[in-house]
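Input: a single structure, listed below in structure tokens.
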Amino acid sequence: MIKRLSELLENVANNPKLKLAVAAAEDEDVLGALKQASMDNIVEPILIGDKKAIIEICEKLDYKINHDEIIETTSLEESAKKAVELVVEKKAHFLMKGLLDTSILLKAVLNKETGLRTENLISHVMLYDVPSYHKLLILTDGGMNIAPSVKEKAMIIKNAHEVAKSLGIETTKVAVIAAKEKPNEKMPATMDARELQDMCNNNEFGDGIIVEGPLAVDLALSSEAAKVKNFKSEISGDVDIIAVPFIEVGNALGKSLTYLAGATSAGIIMGAKVPIVLVSRADDYETKLYSIALGSHIASKCK
């Protein structure tokens, strides 16, 4: 079982190097992370975009690349389309977002005729390495789905469960969080959480997973809090996944882990035919490197 992001890097470095199609690669932070990922034997990047800008940045970073292998495009839309095309044609194993809006990349990914869509909902999955927590913590969805329905929340949990299984977790423990641990019709998030727990009890998520909800955050993360409140739980203090009720909660909780708890992280989009590495412009070099490693790790399971 992989418990730290450093372990993830080590694990991926020992796997066969996969090809990563990078849409609009003309971004210094992205290229810096790709340089390190190449040196660490994590990926073989295929750079797509403004060729002149990519070469200039690579020279600045002392990143040795074959200029002839850069795929030049004339627009961001063309970069996204070409990156998706490479995956469809099995010339690349997964995707990464470069210097373009997420909406442009996803439009190409979700194209019914030429894209990578499946019957699954696409969702954002973050992996946090929190110094004060004993293992990696998965948070979803704080980046894609604004106010998902119960059905959509179930698909979001299934996507995160795939990530958990890839880490070697035998029984995935999911906390569906809300402001309190008792269902209350005046608080729809609590009702959704209980419905998701019931779905799990009815084996709708399959084997190897426990879903509990609603749980307040303290009950999810602290077995001591559960004891004090006399709350019976199979997962308190040992959760693998925190499933949030809507995007604002996931966004705020994730940034709190980063800026207040000193967490390092990796981010990815799940639900398409291949994982998509999606990082924020504000994410540091380390987060981008870990995200590339996570994408490679999951893509290796999809081959």
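Within each chain, counting starts at residue 1; across the structure tokens, chains are named A, B, ... in the order shown, with ligands numbered 1 upward in that order.
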Non-local contacts of Glu170 of chain A (9 Å; only C-alpha atoms; under 5 positions in same chain excluded) as an mmCIF file with C-alpha atoms, in the first residue's frame:
data_model
loop_
_atom_site.group_PDB
_atom_site.id
_atom_site.type_symbol
_atom_site.label_atom_id
_atom_site.label_comp_id
_atom_site.auth_asym_id
_atom_site.auth_seq_id
_atom_site.Cartn_x
_atom_site.Cartn_y
_atom_site.Cartn_z
ATOM 1 C CA MET A 1 0.000 0.000 0.000
ATOM 2 C CA ALA A 164 -7.681 4.159 -3.864
ATOM 3 C CA LYS A 165 -7.489 0.639 -5.289
ATOM 4 C CA GLY A 208 -13.867 -3.654 -0.902
ATOM 5 C CA ILE A 209 -15.460 -0.372 0.127
#
Contacts between segment 33-47 of chain A and segment 174-287 of chain A, please, where a residue of segment 174-287 of chain A counts if it comes within 10 Å (with only C-alpha atoms); show its shortest atom pair and distance in Å to one decimal, rows by chain and ascending number, as JSON lines.
{"residue": "A:Asp284", "atom": "CA", "partner": "A:Ala33", "partner_atom": "CA", "distance": 9.4}
{"residue": "A:Tyr285", "atom": "CA", "partner": "A:Ala33", "partner_atom": "CA", "distance": 5.9}
{"residue": "A:Glu286", "atom": "CA", "partner": "A:Ala33", "partner_atom": "CA", "distance": 7.5}
{"residue": "A:Thr287", "atom": "CA", "partner": "A:Ala33", "partner_atom": "CA", "distance": 8.8}
Just C-alpha atoms for this one: save the residues we selected as a tab-separated table (two decimals), in the first residue's frame.
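Heads up, here's the output in part.tsv:
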chain	number	residue	atom	x	y	z
A	284	ASP	CA	3.92	24.58	-7.24
A	285	TYR	CA	6.46	22.51	-9.14
A	286	GLU	CA	6.22	19.65	-6.62
A	287	THR	CA	2.44	19.34	-6.99
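One finds atom CA of Met270 of chain A at 20.0 Å from atom CA of Val30 of chain A.
Minimum atom-to-atom distance to Val244 of chain A, evaluated using only C-alpha atoms, belongs to A:Ile146 out of A:Ile146, A:Leu121, A:Met199, A:Val163.
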Leaving out Ile48 of chain A and any residue of its chain fewer than 4 positions from it, which residues lie within 12 Å of it when counting only C-alpha atoms, given as a VMD selection string?
chain A and resid 20 to 27 31 52 to 55 67 to 86 95 to 100
Deliver the residues from the most recent selection as a file, using C-alpha atoms, as a PDB file, in the first residue's frame.
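Done, and the output landed in result_10.pdb:
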ATOM      1  CA  LEU A  20       2.132  11.689 -21.819  1.00  0.00           C
ATOM      2  CA  ALA A  21       0.438  14.038 -24.314  1.00  0.00           C
ATOM      3  CA  VAL A  22       0.713  17.607 -23.024  1.00  0.00           C
ATOM      4  CA  ALA A  23      -1.755  20.072 -24.537  1.00  0.00           C
ATOM      5  CA  ALA A  24      -0.397  23.636 -24.845  1.00  0.00           C
ATOM      6  CA  ALA A  25       2.945  22.703 -23.276  1.00  0.00           C
ATOM      7  CA  GLU A  26       4.348  26.261 -23.485  1.00  0.00           C
ATOM      8  CA  ASP A  27       4.326  26.773 -19.696  1.00  0.00           C
ATOM      9  CA  LEU A  31       7.918  22.000 -18.558  1.00  0.00           C
ATOM     10  CA  LYS A  52       8.870  28.446 -30.645  1.00  0.00           C
ATOM     11  CA  ALA A  53       7.677  29.217 -27.109  1.00  0.00           C
ATOM     12  CA  ILE A  54       8.247  25.618 -25.986  1.00  0.00           C
ATOM     13  CA  ILE A  55      11.828  25.627 -27.326  1.00  0.00           C
ATOM     14  CA  HIS A  67      12.889  19.899 -31.451  1.00  0.00           C
ATOM     15  CA  ASP A  68      11.654  17.764 -34.340  1.00  0.00           C
ATOM     16  CA  GLU A  69       9.367  15.806 -32.010  1.00  0.00           C
ATOM     17  CA  ILE A  70       7.426  18.852 -30.820  1.00  0.00           C
ATOM     18  CA  ILE A  71       3.974  18.922 -32.410  1.00  0.00           C
ATOM     19  CA  GLU A  72       3.205  22.476 -33.473  1.00  0.00           C
ATOM     20  CA  THR A  73      -0.363  23.771 -33.351  1.00  0.00           C
ATOM     21  CA  THR A  74      -1.828  27.169 -34.133  1.00  0.00           C
ATOM     22  CA  SER A  75      -4.513  27.399 -31.440  1.00  0.00           C
ATOM     23  CA  LEU A  76      -5.308  26.103 -27.973  1.00  0.00           C
ATOM     24  CA  GLU A  77      -8.277  24.212 -29.376  1.00  0.00           C
ATOM     25  CA  GLU A  78      -6.033  22.446 -31.867  1.00  0.00           C
ATOM     26  CA  SER A  79      -3.590  21.562 -29.072  1.00  0.00           C
ATOM     27  CA  ALA A  80      -6.369  19.943 -27.035  1.00  0.00           C
ATOM     28  CA  LYS A  81      -7.754  18.080 -30.034  1.00  0.00           C
ATOM     29  CA  LYS A  82      -4.312  16.766 -30.994  1.00  0.00           C
ATOM     30  CA  ALA A  83      -3.529  15.577 -27.458  1.00  0.00           C
ATOM     31  CA  VAL A  84      -6.799  13.636 -27.322  1.00  0.00           C
ATOM     32  CA  GLU A  85      -6.190  12.249 -30.817  1.00  0.00           C
ATOM     33  CA  LEU A  86      -2.819  10.838 -29.739  1.00  0.00           C
ATOM     34  CA  LEU A  95      -3.143  13.541 -20.977  1.00  0.00           C
ATOM     35  CA  MET A  96      -1.949  16.660 -19.208  1.00  0.00           C
ATOM     36  CA  LYS A  97      -3.353  20.178 -19.263  1.00  0.00           C
ATOM     37  CA  GLY A  98      -0.794  22.856 -20.085  1.00  0.00           C
ATOM     38  CA  LEU A  99      -1.349  26.545 -20.736  1.00  0.00           C
ATOM     39  CA  LEU A 100      -5.028  26.399 -21.683  1.00  0.00           C
TER      40      LEU A 100
END
Tell me, which residues of segment 121-278 of chain A carry DSSP alpha helix (DSSP H), written as a PyMOL selection string?
chain A and resi 150-166+188-201+217-221+223-228+247-259
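Put simply, atom CA of Asp207 of chain A is 26.5 Å away from atom CA of Met144 of chain A.
One finds atom CA of Glu162 of chain A at 21.1 Å from atom CA of Leu221 of chain A.
Closest approach to Lys182 of chain A among A:Gly262, A:Gly267, A:Gly213, A:Gly250 is made by A:Gly213 (distances from only C-alpha atoms).
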Apply DSSP to the backbone of this structure and, from segment 17-240 of chain A, keep only the residues in strand (DSSP E); write these as a ChimeraX atom specification.
/A:18-23,43-49,71-72,94-97,123-129,137-140,172-177,209-215
Using only C-alpha atoms, which residues sit within 6 Å of segment 128-138 of chain A once same-chain residues fewer than 3 positions away are excluded, as an mmCIF file with all heavy atoms, in the first residue's frame?
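Done, and the output landed in result-v7.cif:
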data_model
loop_
_atom_site.group_PDB
_atom_site.id
_atom_site.type_symbol
_atom_site.label_atom_id
_atom_site.label_comp_id
_atom_site.auth_asym_id
_atom_site.auth_seq_id
_atom_site.Cartn_x
_atom_site.Cartn_y
_atom_site.Cartn_z
ATOM 1 N N LYS A 3 1.566 4.880 0.949
ATOM 2 C CA LYS A 3 1.072 5.759 2.005
ATOM 3 C C LYS A 3 1.577 7.188 1.913
ATOM 4 O O LYS A 3 1.082 8.064 2.622
ATOM 5 C CB LYS A 3 1.448 5.183 3.377
ATOM 6 C CG LYS A 3 0.732 3.881 3.719
ATOM 7 C CD LYS A 3 1.027 3.466 5.155
ATOM 8 C CE LYS A 3 0.234 2.218 5.542
ATOM 9 N NZ LYS A 3 0.480 1.834 6.955
ATOM 10 N N ARG A 4 2.578 7.434 1.057
ATOM 11 C CA ARG A 4 3.134 8.772 0.913
ATOM 12 C C ARG A 4 3.394 9.065 -0.564
ATOM 13 O O ARG A 4 3.645 8.146 -1.349
ATOM 14 C CB ARG A 4 4.443 8.914 1.703
ATOM 15 C CG ARG A 4 4.268 8.790 3.219
ATOM 16 C CD ARG A 4 3.430 9.927 3.765
ATOM 17 N NE ARG A 4 3.151 9.766 5.198
ATOM 18 C CZ ARG A 4 2.209 10.442 5.844
ATOM 19 N NH1 ARG A 4 1.452 11.322 5.190
ATOM 20 N NH2 ARG A 4 2.002 10.250 7.116
ATOM 21 N N ASP A 240 -9.975 6.886 3.953
ATOM 22 C CA ASP A 240 -9.154 7.027 2.757
ATOM 23 C C ASP A 240 -9.679 8.135 1.854
ATOM 24 O O ASP A 240 -8.891 8.825 1.194
ATOM 25 C CB ASP A 240 -9.141 5.713 1.969
ATOM 26 C CG ASP A 240 -8.573 4.564 2.769
ATOM 27 O OD1 ASP A 240 -7.378 4.620 3.104
ATOM 28 O OD2 ASP A 240 -9.339 3.622 3.077
ATOM 29 N N ILE A 241 -10.998 8.269 1.808
ATOM 30 C CA ILE A 241 -11.634 9.241 0.917
ATOM 31 C C ILE A 241 -12.583 10.136 1.701
ATOM 32 O O ILE A 241 -13.408 9.643 2.481
ATOM 33 C CB ILE A 241 -12.430 8.537 -0.204
ATOM 34 C CG1 ILE A 241 -11.514 7.686 -1.085
ATOM 35 C CG2 ILE A 241 -13.201 9.551 -1.051
ATOM 36 C CD1 ILE A 241 -12.266 6.823 -2.082
ATOM 37 N N ALA A 263 0.270 20.297 3.631
ATOM 38 C CA ALA A 263 0.121 19.096 2.811
ATOM 39 C C ALA A 263 0.722 19.301 1.425
ATOM 40 O O ALA A 263 0.658 20.386 0.858
ATOM 41 C CB ALA A 263 -1.351 18.723 2.687
ATOM 42 N N THR A 264 1.306 18.232 0.890
ATOM 43 C CA THR A 264 1.654 18.182 -0.525
ATOM 44 C C THR A 264 0.537 17.419 -1.228
ATOM 45 O O THR A 264 -0.215 16.670 -0.584
ATOM 46 C CB THR A 264 3.007 17.494 -0.753
ATOM 47 O OG1 THR A 264 3.022 16.244 -0.055
ATOM 48 C CG2 THR A 264 4.138 18.355 -0.246
ATOM 49 N N SER A 265 0.418 17.597 -2.539
ATOM 50 C CA SER A 265 -0.753 17.026 -3.192
ATOM 51 C C SER A 265 -0.495 16.649 -4.637
ATOM 52 O O SER A 265 0.519 17.017 -5.233
ATOM 53 C CB SER A 265 -1.923 18.014 -3.124
ATOM 54 O OG SER A 265 -1.595 19.220 -3.811
#
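Considering the residues A:Pro148, A:Gly168, A:Gly206, A:Gly295 and counting only C-alpha atoms, Ala243 of chain A has its shortest atom-to-atom contact with A:Pro148.
Closest approach to Pro245 of chain A from the set A:Val274, A:Val211, A:Val150, A:Ile298 is made by A:Val150, with distances taken over only C-alpha atoms.
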